[in-house]
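See below for the structure under consideration.
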Amino acid sequence: DVSIRRASRDSKAGIYGASLWAIAAMTILGFTALPQMLRTIHASGPALIIGLGAGLIVGLVIMGLITFIQLGLCHLIAKWFFGATGTLTGVMRPLLLGWFVNGLILIPVVGLWASGIAWTAVLMLVFKEVDGIGRLHAFVISAGINACFIAFQLMR
């Protein structure tokens, strides 16, 4: 709890969190999207390298937007319905530091579920501590948003 509160107030935690987020996101993209891109891009040499680079950059931007929407939506729901007192920046800092648990998605068969459970726990703890809402409310928000995003992943 103390670490979460400390990270929420530390401006350097945002920089470190964004860096760790980018590393984790690129790792996930490297194991999930890169093999698909290699199968679909019918080019060689410099064209292949440029295509892969552009694809990974677009993937990183999309993952960033999804992450921001997910965390922002959780924070807005906490503010509107449960009287949360934290700020979006204060919530984002520790959540970006803990986002690496989404790397569990790389585990075959159970990865999506393991990642969802771990990420729900991280979200719940951060919203409880930083936004000052109850544990049950934080769990409902976290689990609800994660269930929507998991359902979206399964529909693809």
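Here, A, B, ... name the chains of the structure tokens in the order displayed, residue numbers run from 1 inside each chain, and ligands are numbered from 1 in the same displayed order.
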
Which residues come within 9 Å of A:Trp21, counting only C-alpha atoms, excluding same-chain residues fewer than 6 positions away, as a list in words? Gly64, Leu96, Leu97, Gly98, Trp99 and Phe100 of chain A

Just write the chosen residues, C-alpha atoms, as a tab-separated table (two decimals), in the first residue's frame.
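Saved to selection.tsv:
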```
chain	number	residue	atom	x	y	z
A	64	GLY	CA	-1.05	2.57	-25.76
A	96	LEU	CA	2.06	1.62	-15.67
A	97	LEU	CA	4.68	0.23	-13.29
A	98	GLY	CA	2.50	-2.84	-12.73
A	99	TRP	CA	1.35	-3.30	-16.33
A	100	PHE	CA	4.01	-5.94	-16.97
```

Name all residues at most 12 Å from A:Glu129 (count only C-alpha atoms; drop same-chain ones fewer than 4 positions away) and give them as a ChimeraX atom specification. /A:1-9,84-87,90-91,94-95,122-125,133-135,138

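What separates atom CA of A:Gly17 from atom CA of A:Gly59 is a distance of 18.5 Å.
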
Which residues, written as a list in words, have at least one atom at most 7 Å from A:Gly103, with only C-alpha atoms counted and residues fewer than 4 positions away on the same chain left out? Ala24, Ile28 and Ser115 of chain A

Print the selection's residues with C-alpha atoms to a file, as a short mmCIF file (atom, residue, chain, number, x, y, z; two decimals), in the first residue's frame.
```
data_model
loop_
_atom_site.label_atom_id
_atom_site.label_comp_id
_atom_site.auth_asym_id
_atom_site.auth_seq_id
_atom_site.Cartn_x
_atom_site.Cartn_y
_atom_site.Cartn_z
CA ALA A 24 6.39 -5.15 -21.83
CA ILE A 28 3.99 -9.01 -26.08
CA SER A 115 -3.19 -12.06 -17.25
#
```

As a PyMOL selection string, please: every residue in stretch 4-144 of chain A that DSSP puts in alpha helix (DSSP H). chain A and resi 4-9+11-40+46-82+88-98+111-130+135-144

From the list A:Gly14, A:Gly132, A:Pro108, A:Gly144, which residue is nearest A:Thr120 when using only C-alpha atoms? A:Gly144

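We find atom CA of A:Asp131 and atom CA of A:Ala118 to be spaced 19.3 Å apart.
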
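Proximity of A:Gly72, A:Leu112, A:Leu52, A:Met63 to A:Gln153, computed with only C-alpha atoms, is greatest for A:Leu112.
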
Tell me which protein, DNA and RNA residues are within 10 Å of stretch 33-36 of chain A, counting only C-alpha atoms, leaving out same-chain ones fewer than 6 positions away, and put them as a ChimeraX atom specification. /A:26-27,52-53,55-56,59

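The smallest atom-to-atom distance between A:Leu73 and any of A:Leu154, A:Val110, A:Leu88, A:Ala43, using only C-alpha atoms, is found for A:Leu88.
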
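Atom CA of A:Phe152 sits 22.3 Å away from atom CA of A:Met92.
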